[in-house]
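Data from query35.pdb: PDB, C-alpha atoms and all ligand atoms
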```
MODEL        1
ATOM      1  CA  MET A   1      16.019  73.131  18.189
ATOM      2  CA  THR A   2      19.164  73.288  16.088
ATOM      3  CA  SER A   3      20.180  70.758  13.493
ATOM      4  CA  THR A   4      23.538  70.129  11.938
ATOM      5  CA  THR A   5      23.719  70.289   8.171
ATOM      6  CA  ALA A   6      26.575  69.392   5.897
ATOM      7  CA  ALA A   7      27.169  73.113   5.293
ATOM      8  CA  GLN A   8      27.664  73.694   9.028
ATOM      9  CA  THR A   9      30.034  70.780   9.512
ATOM     10  CA  PRO A  10      33.525  72.139  10.120
ATOM     11  CA  GLN A  11      35.930  70.881   7.498
ATOM     12  CA  VAL A  12      39.688  71.025   7.334
ATOM     13  CA  VAL A  13      40.652  72.132   3.865
ATOM     14  CA  THR A  14      44.143  71.036   2.921
ATOM     15  CA  ASP A  15      46.162  70.726  -0.267
ATOM     16  CA  ALA A  16      48.234  67.951   1.249
ATOM     17  CA  THR A  17      48.023  64.708  -0.729
ATOM     18  CA  PRO A  18      47.782  61.344   1.036
ATOM     19  CA  PHE A  19      51.470  60.973   0.036
ATOM     20  CA  ASP A  20      52.306  64.149   2.008
ATOM     21  CA  GLN A  21      50.086  63.165   4.920
ATOM     22  CA  ILE A  22      51.657  59.744   5.245
ATOM     23  CA  GLY A  23      55.174  61.184   5.473
ATOM     24  CA  GLY A  24      56.391  60.844   1.883
ATOM     25  CA  ALA A  25      58.529  58.219   0.142
ATOM     26  CA  GLN A  26      60.421  57.261   3.282
ATOM     27  CA  THR A  27      57.248  56.128   5.061
ATOM     28  CA  VAL A  28      55.954  54.360   1.944
ATOM     29  CA  GLN A  29      59.206  52.390   1.614
ATOM     30  CA  ARG A  30      59.095  51.607   5.339
ATOM     31  CA  PHE A  31      55.648  49.985   5.263
ATOM     32  CA  VAL A  32      56.287  48.285   1.906
ATOM     33  CA  ASP A  33      59.455  46.705   3.330
ATOM     34  CA  ARG A  34      57.529  45.625   6.415
ATOM     35  CA  PHE A  35      54.812  44.152   4.145
ATOM     36  CA  TYR A  36      57.342  41.947   2.299
ATOM     37  CA  ASP A  37      59.105  41.025   5.569
ATOM     38  CA  LEU A  38      55.767  39.772   6.937
ATOM     39  CA  MET A  39      55.018  37.940   3.685
ATOM     40  CA  ARG A  40      58.446  36.291   3.856
ATOM     41  CA  ASP A  41      58.465  35.437   7.575
ATOM     42  CA  ASP A  42      54.891  34.742   8.721
ATOM     43  CA  PRO A  43      53.529  31.352   7.646
ATOM     44  CA  GLN A  44      49.953  32.673   7.656
ATOM     45  CA  TYR A  45      50.885  34.433   4.390
ATOM     46  CA  GLY A  46      52.348  31.270   2.861
ATOM     47  CA  ALA A  47      49.858  31.047  -0.023
ATOM     48  CA  LEU A  48      50.515  34.697  -0.916
ATOM     49  CA  ARG A  49      54.298  34.204  -0.674
ATOM     50  CA  ALA A  50      54.102  31.166  -2.952
ATOM     51  CA  LEU A  51      52.699  33.300  -5.788
ATOM     52  CA  HIS A  52      55.769  35.567  -5.767
ATOM     53  CA  ALA A  53      59.262  35.083  -7.160
ATOM     54  CA  ASP A  54      61.979  33.874  -4.754
ATOM     55  CA  ASP A  55      63.650  37.278  -4.755
ATOM     56  CA  LEU A  56      61.287  39.941  -3.361
ATOM     57  CA  THR A  57      63.829  42.759  -3.830
ATOM     58  CA  PRO A  58      62.399  44.027  -7.160
ATOM     59  CA  MET A  59      58.891  44.064  -5.631
ATOM     60  CA  ARG A  60      60.056  46.208  -2.704
ATOM     61  CA  ALA A  61      61.047  48.906  -5.186
ATOM     62  CA  SER A  62      58.150  48.426  -7.597
ATOM     63  CA  LEU A  63      55.290  48.435  -5.064
ATOM     64  CA  ALA A  64      56.788  51.468  -3.289
ATOM     65  CA  GLY A  65      57.153  53.298  -6.619
ATOM     66  CA  PHE A  66      53.573  52.486  -7.602
ATOM     67  CA  LEU A  67      52.220  53.591  -4.220
ATOM     68  CA  ASN A  68      54.175  56.860  -4.256
ATOM     69  CA  ALA A  69      52.310  57.815  -7.437
ATOM     70  CA  TRP A  70      48.981  56.284  -6.412
ATOM     71  CA  LEU A  71      49.018  58.325  -3.180
ATOM     72  CA  GLY A  72      49.606  61.547  -5.121
ATOM     73  CA  GLY A  73      53.406  61.736  -4.959
ATOM     74  CA  PRO A  74      56.092  61.484  -7.689
ATOM     75  CA  ARG A  75      54.833  59.712 -10.819
ATOM     76  CA  ASP A  76      58.157  58.159 -11.954
ATOM     77  CA  TRP A  77      56.767  54.605 -11.762
ATOM     78  CA  PHE A  78      53.996  55.417 -14.307
ATOM     79  CA  VAL A  79      56.404  57.360 -16.527
ATOM     80  CA  GLN A  80      58.580  54.226 -16.736
ATOM     81  CA  ARG A  81      55.506  51.989 -17.410
ATOM     82  CA  PRO A  82      53.163  54.207 -19.438
ATOM     83  CA  VAL A  83      50.520  51.579 -20.231
ATOM     84  CA  LEU A  84      50.523  49.345 -17.191
ATOM     85  CA  CYS A  85      47.074  48.887 -15.642
ATOM     86  CA  MET A  86      47.412  47.336 -12.191
ATOM     87  CA  MET A  87      44.300  45.156 -12.588
ATOM     88  CA  SER A  88      45.458  43.811 -15.992
ATOM     89  CA  ALA A  89      48.975  43.256 -14.603
ATOM     90  CA  HIS A  90      47.445  40.778 -12.158
ATOM     91  CA  ALA A  91      45.054  39.090 -14.597
ATOM     92  CA  ALA A  92      47.396  36.141 -15.282
ATOM     93  CA  ILE A  93      48.126  35.535 -11.566
ATOM     94  CA  PRO A  94      45.865  32.869  -9.986
ATOM     95  CA  ILE A  95      44.578  35.115  -7.175
ATOM     96  CA  THR A  96      41.964  33.634  -4.850
ATOM     97  CA  HIS A  97      39.768  35.534  -2.404
ATOM     98  CA  GLU A  98      41.938  33.977   0.336
ATOM     99  CA  THR A  99      45.243  35.262  -1.098
ATOM    100  CA  ALA A 100      43.606  38.660  -1.667
ATOM    101  CA  ARG A 101      42.618  38.642   2.019
ATOM    102  CA  GLN A 102      46.188  37.720   3.007
ATOM    103  CA  TRP A 103      47.477  40.677   0.946
ATOM    104  CA  THR A 104      45.328  43.265   2.721
ATOM    105  CA  HIS A 105      45.802  41.611   6.127
ATOM    106  CA  ALA A 106      49.595  41.813   5.803
ATOM    107  CA  MET A 107      49.352  45.366   4.462
ATOM    108  CA  ALA A 108      47.166  46.525   7.384
ATOM    109  CA  ARG A 109      49.727  45.093   9.809
ATOM    110  CA  ALA A 110      52.630  46.616   7.877
ATOM    111  CA  MET A 111      51.099  50.111   7.965
ATOM    112  CA  ASP A 112      50.313  49.756  11.660
ATOM    113  CA  GLU A 113      53.829  48.555  12.519
ATOM    114  CA  ALA A 114      55.354  51.337  10.385
ATOM    115  CA  ASP A 115      53.340  53.913  12.385
ATOM    116  CA  VAL A 116      51.117  55.156   9.560
ATOM    117  CA  ALA A 117      48.369  57.330  11.097
ATOM    118  CA  PRO A 118      45.490  54.910  11.879
ATOM    119  CA  ASP A 119      42.736  56.919  10.095
ATOM    120  CA  LEU A 120      44.787  57.237   6.940
ATOM    121  CA  ALA A 121      45.837  53.570   7.076
ATOM    122  CA  ARG A 122      42.184  52.519   7.366
ATOM    123  CA  GLN A 123      41.167  54.594   4.323
ATOM    124  CA  ILE A 124      44.087  53.325   2.250
ATOM    125  CA  ASN A 125      43.464  49.711   3.178
ATOM    126  CA  ALA A 126      39.753  50.013   2.357
ATOM    127  CA  ALA A 127      40.834  50.923  -1.193
ATOM    128  CA  PHE A 128      43.346  48.021  -1.229
ATOM    129  CA  GLU A 129      40.576  45.646  -0.173
ATOM    130  CA  ARG A 130      38.419  46.709  -3.123
ATOM    131  CA  MET A 131      41.356  46.371  -5.539
ATOM    132  CA  SER A 132      42.518  43.035  -4.154
ATOM    133  CA  GLN A 133      39.109  41.407  -4.114
ATOM    134  CA  GLY A 134      38.579  42.723  -7.659
ATOM    135  CA  MET A 135      41.778  40.905  -8.688
ATOM    136  CA  ALA A 136      40.549  37.595  -7.254
ATOM    137  CA  THR A 137      39.135  35.262  -9.872
ATOM    138  CA  ARG A 138      38.320  32.196  -7.802
TER
HETATM  139  C1  LIG B   1      45.079  40.521  -4.448
HETATM  140  C2  LIG B   1      46.217  40.170  -3.915
HETATM  141  C3  LIG B   1      47.506  40.312  -4.708
HETATM  142  C4  LIG B   1      48.332  39.308  -5.079
HETATM  143  C5  LIG B   1      48.165  37.835  -4.773
HETATM  144  C6  LIG B   1      49.400  39.918  -5.828
HETATM  145  C7  LIG B   1      50.446  39.218  -6.405
HETATM  146  C8  LIG B   1      51.404  39.748  -7.209
HETATM  147  C9  LIG B   1      52.452  38.991  -7.867
HETATM  148  C10 LIG B   1      52.616  37.458  -7.788
HETATM  149  C11 LIG B   1      53.218  39.855  -8.560
HETATM  150  C12 LIG B   1      54.467  39.517  -9.380
HETATM  151  C13 LIG B   1      55.590  39.527  -8.364
HETATM  152  C14 LIG B   1      56.860  38.831  -8.734
HETATM  153  O1  LIG B   1      57.219  38.787  -9.913
HETATM  154  O2  LIG B   1      57.486  38.328  -7.794
HETATM  155  C15 LIG B   1      52.666  41.195  -8.329
HETATM  156  C16 LIG B   1      53.179  42.357  -8.841
HETATM  157  C17 LIG B   1      52.784  43.599  -8.434
HETATM  158  N1  LIG B   1      51.711  43.918  -7.634
HETATM  159 FE1  LIG B   1      50.468  42.597  -6.800
HETATM  160  N2  LIG B   1      49.223  41.265  -5.879
HETATM  161  C18 LIG B   1      48.073  41.556  -5.211
HETATM  162  C19 LIG B   1      47.523  42.809  -5.002
HETATM  163  C20 LIG B   1      48.137  43.982  -5.342
HETATM  164  C21 LIG B   1      47.637  45.303  -5.045
HETATM  165  C22 LIG B   1      46.319  45.577  -4.298
HETATM  166  C23 LIG B   1      48.551  46.187  -5.535
HETATM  167  C24 LIG B   1      48.524  47.678  -5.490
HETATM  168  C25 LIG B   1      47.978  48.361  -4.508
HETATM  169  C26 LIG B   1      49.612  45.423  -6.133
HETATM  170  C27 LIG B   1      50.744  45.957  -6.721
HETATM  171  C28 LIG B   1      51.687  45.259  -7.445
HETATM  172  C29 LIG B   1      52.795  45.863  -8.159
HETATM  173  C30 LIG B   1      53.140  47.343  -8.193
HETATM  174  C31 LIG B   1      53.475  44.836  -8.791
HETATM  175  C32 LIG B   1      54.739  44.951  -9.649
HETATM  176  C33 LIG B   1      54.386  45.246 -11.081
HETATM  177  C34 LIG B   1      55.653  45.460 -11.910
HETATM  178  O3  LIG B   1      56.688  45.857 -11.376
HETATM  179  O4  LIG B   1      55.591  45.231 -13.130
HETATM  180  N3  LIG B   1      49.331  44.108  -6.004
HETATM  181  N4  LIG B   1      51.568  41.083  -7.521
ENDMDL
END
```

What does this structure look like when you write it as structure tokens?
Amino acid sequence: MTSTTAAQTPQVVTDATPFDQIGGAQTVQRFVDRFYDLMRDDPQYGALRALHADDLTPMRASLAGFLNAWLGGPRDWFVQRPVLCMMSAHAAIPITHETARQWTHAMARAMDEADVAPDLARQINAAFERMSQGMATR
């Protein structure tokens, strides 16, 4: 009888970063824009929308810039903000577990509607869920 071990499992070795795999800055901006469109237009994200400033334009650029770097792409966003920790940046925002859930729910939809590869989107959103729930304080 044969058994499958980890050593026998075929693996695809690639140098491509998640940023490359997702389709680069254009795709990131596409799903970030969709994310803020959903937040703006769908009442189920009302509590999340209420935490943000009226003008979402700066966030469209900032979240995309952060995610470019976080996914392994250009690091300009961190060069411009050398000491900004994303968890600390949210410490003063009254984030509940419900608004954290709204964030990842809208983001999952945004990635799906922007045609991010489903496997990659699932992995990315699993990380977002951990971050978001870690930001929730009540
Ligand atoms: C847990 C749910 C979250 C809520 C309720 C939330 C809320 C907010 C709010 C209210 C702001 C300030 C926006 C403004 O001034 O209009 C902000 C900024 C920001 N958030 Fe979140 N956020 C959440 C999760 C996340 C996650 C998971 C990420 C990263 C993956 C993220 C990335 C950012 C970035 C990059 C900024 C802008 C920082 C800057 O430009 O200085 N947020 N967030």

- prompt: ligand LIG 1 (chain B): which residues are within 10 Å, counting all atoms listed in the file, as a ChimeraX atom specification?
  reply: /A:47-67,70,77,81,84-87,89-104,107,124-125,127-137

- request: Find, counting all atoms listed in the file, the residue in A:Leu120, A:Ser88, A:Val79, A:Glu113 that gets nearest to Phe19 (chain A).
  value: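 Counting all atoms listed in the file, the residue closest to Phe19 (chain A) is A:Leu120.
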
message: For the provided coordinates, the residues matched by the PyMOL selection byres (((chain A and resi 112) around 12) and not hetatm) should be stated as a PyMOL selection string.
response: chain A and resi 22+27+30-32+34-35+105-111+113-122+124-125

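The space separating CA of Leu71 (chain A) from CA of Ala126 (chain A) comes to 13.6 Å.
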
message: Quick check, in Å to one decimal: how far apart do CA of Asn68 (chain A) and CA of Asp33 (chain A) lie?
response: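 Separation of CA of Asn68 (chain A) and CA of Asp33 (chain A): 13.7 Å.
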
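The coordinates place CA of Gln80 (chain A) at 25.9 Å from CA of Asp37 (chain A).
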
Can you tell me, as JSON, the centre and edge lengths (Å, one decimal) of the axis-aligned box enclosing all of region 109-127 of chain A's listed atoms after padding each side by 6 Å?
```
{"center_x": 47.6, "center_y": 51.2, "center_z": 5.7, "size_x": 27.6, "size_y": 24.2, "size_z": 25.7}
```

Could you add whatever atoms are missing so that region 95-106 of chain A carries N, CA, C and O atoms, then write the result as a PDB file, in the coordinates of the input?
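Result file result.pdb:
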```
ATOM      1  N   ILE A  95      44.888  34.505  -8.487  1.00  0.00           N
ATOM      2  CA  ILE A  95      44.578  35.115  -7.175  1.00  0.00           C
ATOM      3  C   ILE A  95      43.219  34.616  -6.680  1.00  0.00           C
ATOM      4  O   ILE A  95      42.220  34.737  -7.385  1.00  0.00           O
ATOM      5  N   THR A  96      43.221  34.073  -5.463  1.00  0.00           N
ATOM      6  CA  THR A  96      41.964  33.634  -4.850  1.00  0.00           C
ATOM      7  C   THR A  96      41.500  34.711  -3.864  1.00  0.00           C
ATOM      8  O   THR A  96      42.280  35.595  -3.487  1.00  0.00           O
ATOM      9  N   HIS A  97      40.243  34.585  -3.426  1.00  0.00           N
ATOM     10  CA  HIS A  97      39.768  35.534  -2.404  1.00  0.00           C
ATOM     11  C   HIS A  97      40.602  35.395  -1.127  1.00  0.00           C
ATOM     12  O   HIS A  97      40.831  36.372  -0.429  1.00  0.00           O
ATOM     13  N   GLU A  98      41.106  34.188  -0.858  1.00  0.00           N
ATOM     14  CA  GLU A  98      41.938  33.977   0.336  1.00  0.00           C
ATOM     15  C   GLU A  98      43.298  34.683   0.197  1.00  0.00           C
ATOM     16  O   GLU A  98      43.744  35.349   1.130  1.00  0.00           O
ATOM     17  N   THR A  99      43.945  34.575  -0.976  1.00  0.00           N
ATOM     18  CA  THR A  99      45.243  35.262  -1.098  1.00  0.00           C
ATOM     19  C   THR A  99      45.043  36.780  -1.141  1.00  0.00           C
ATOM     20  O   THR A  99      45.890  37.531  -0.649  1.00  0.00           O
ATOM     21  N   ALA A 100      43.907  37.222  -1.688  1.00  0.00           N
ATOM     22  CA  ALA A 100      43.606  38.660  -1.667  1.00  0.00           C
ATOM     23  C   ALA A 100      43.445  39.141  -0.222  1.00  0.00           C
ATOM     24  O   ALA A 100      43.925  40.213   0.163  1.00  0.00           O
ATOM     25  N   ARG A 101      42.793  38.293   0.593  1.00  0.00           N
ATOM     26  CA  ARG A 101      42.618  38.642   2.019  1.00  0.00           C
ATOM     27  C   ARG A 101      43.975  38.691   2.723  1.00  0.00           C
ATOM     28  O   ARG A 101      44.242  39.585   3.518  1.00  0.00           O
ATOM     29  N   GLN A 102      44.848  37.730   2.393  1.00  0.00           N
ATOM     30  CA  GLN A 102      46.188  37.720   3.007  1.00  0.00           C
ATOM     31  C   GLN A 102      46.945  38.998   2.647  1.00  0.00           C
ATOM     32  O   GLN A 102      47.663  39.569   3.467  1.00  0.00           O
ATOM     33  N   TRP A 103      46.775  39.453   1.400  1.00  0.00           N
ATOM     34  CA  TRP A 103      47.477  40.677   0.946  1.00  0.00           C
ATOM     35  C   TRP A 103      47.067  41.871   1.818  1.00  0.00           C
ATOM     36  O   TRP A 103      47.914  42.584   2.373  1.00  0.00           O
ATOM     37  N   THR A 104      45.767  42.077   1.971  1.00  0.00           N
ATOM     38  CA  THR A 104      45.328  43.265   2.721  1.00  0.00           C
ATOM     39  C   THR A 104      45.556  43.098   4.230  1.00  0.00           C
ATOM     40  O   THR A 104      45.792  44.076   4.929  1.00  0.00           O
ATOM     41  N   HIS A 105      45.526  41.858   4.702  1.00  0.00           N
ATOM     42  CA  HIS A 105      45.802  41.611   6.127  1.00  0.00           C
ATOM     43  C   HIS A 105      47.253  41.987   6.437  1.00  0.00           C
ATOM     44  O   HIS A 105      47.535  42.706   7.408  1.00  0.00           O
ATOM     45  N   ALA A 106      48.172  41.498   5.594  1.00  0.00           N
ATOM     46  CA  ALA A 106      49.595  41.813   5.803  1.00  0.00           C
ATOM     47  C   ALA A 106      49.845  43.311   5.647  1.00  0.00           C
ATOM     48  O   ALA A 106      50.634  43.911   6.396  1.00  0.00           O
TER      49      ALA A 106
END
```
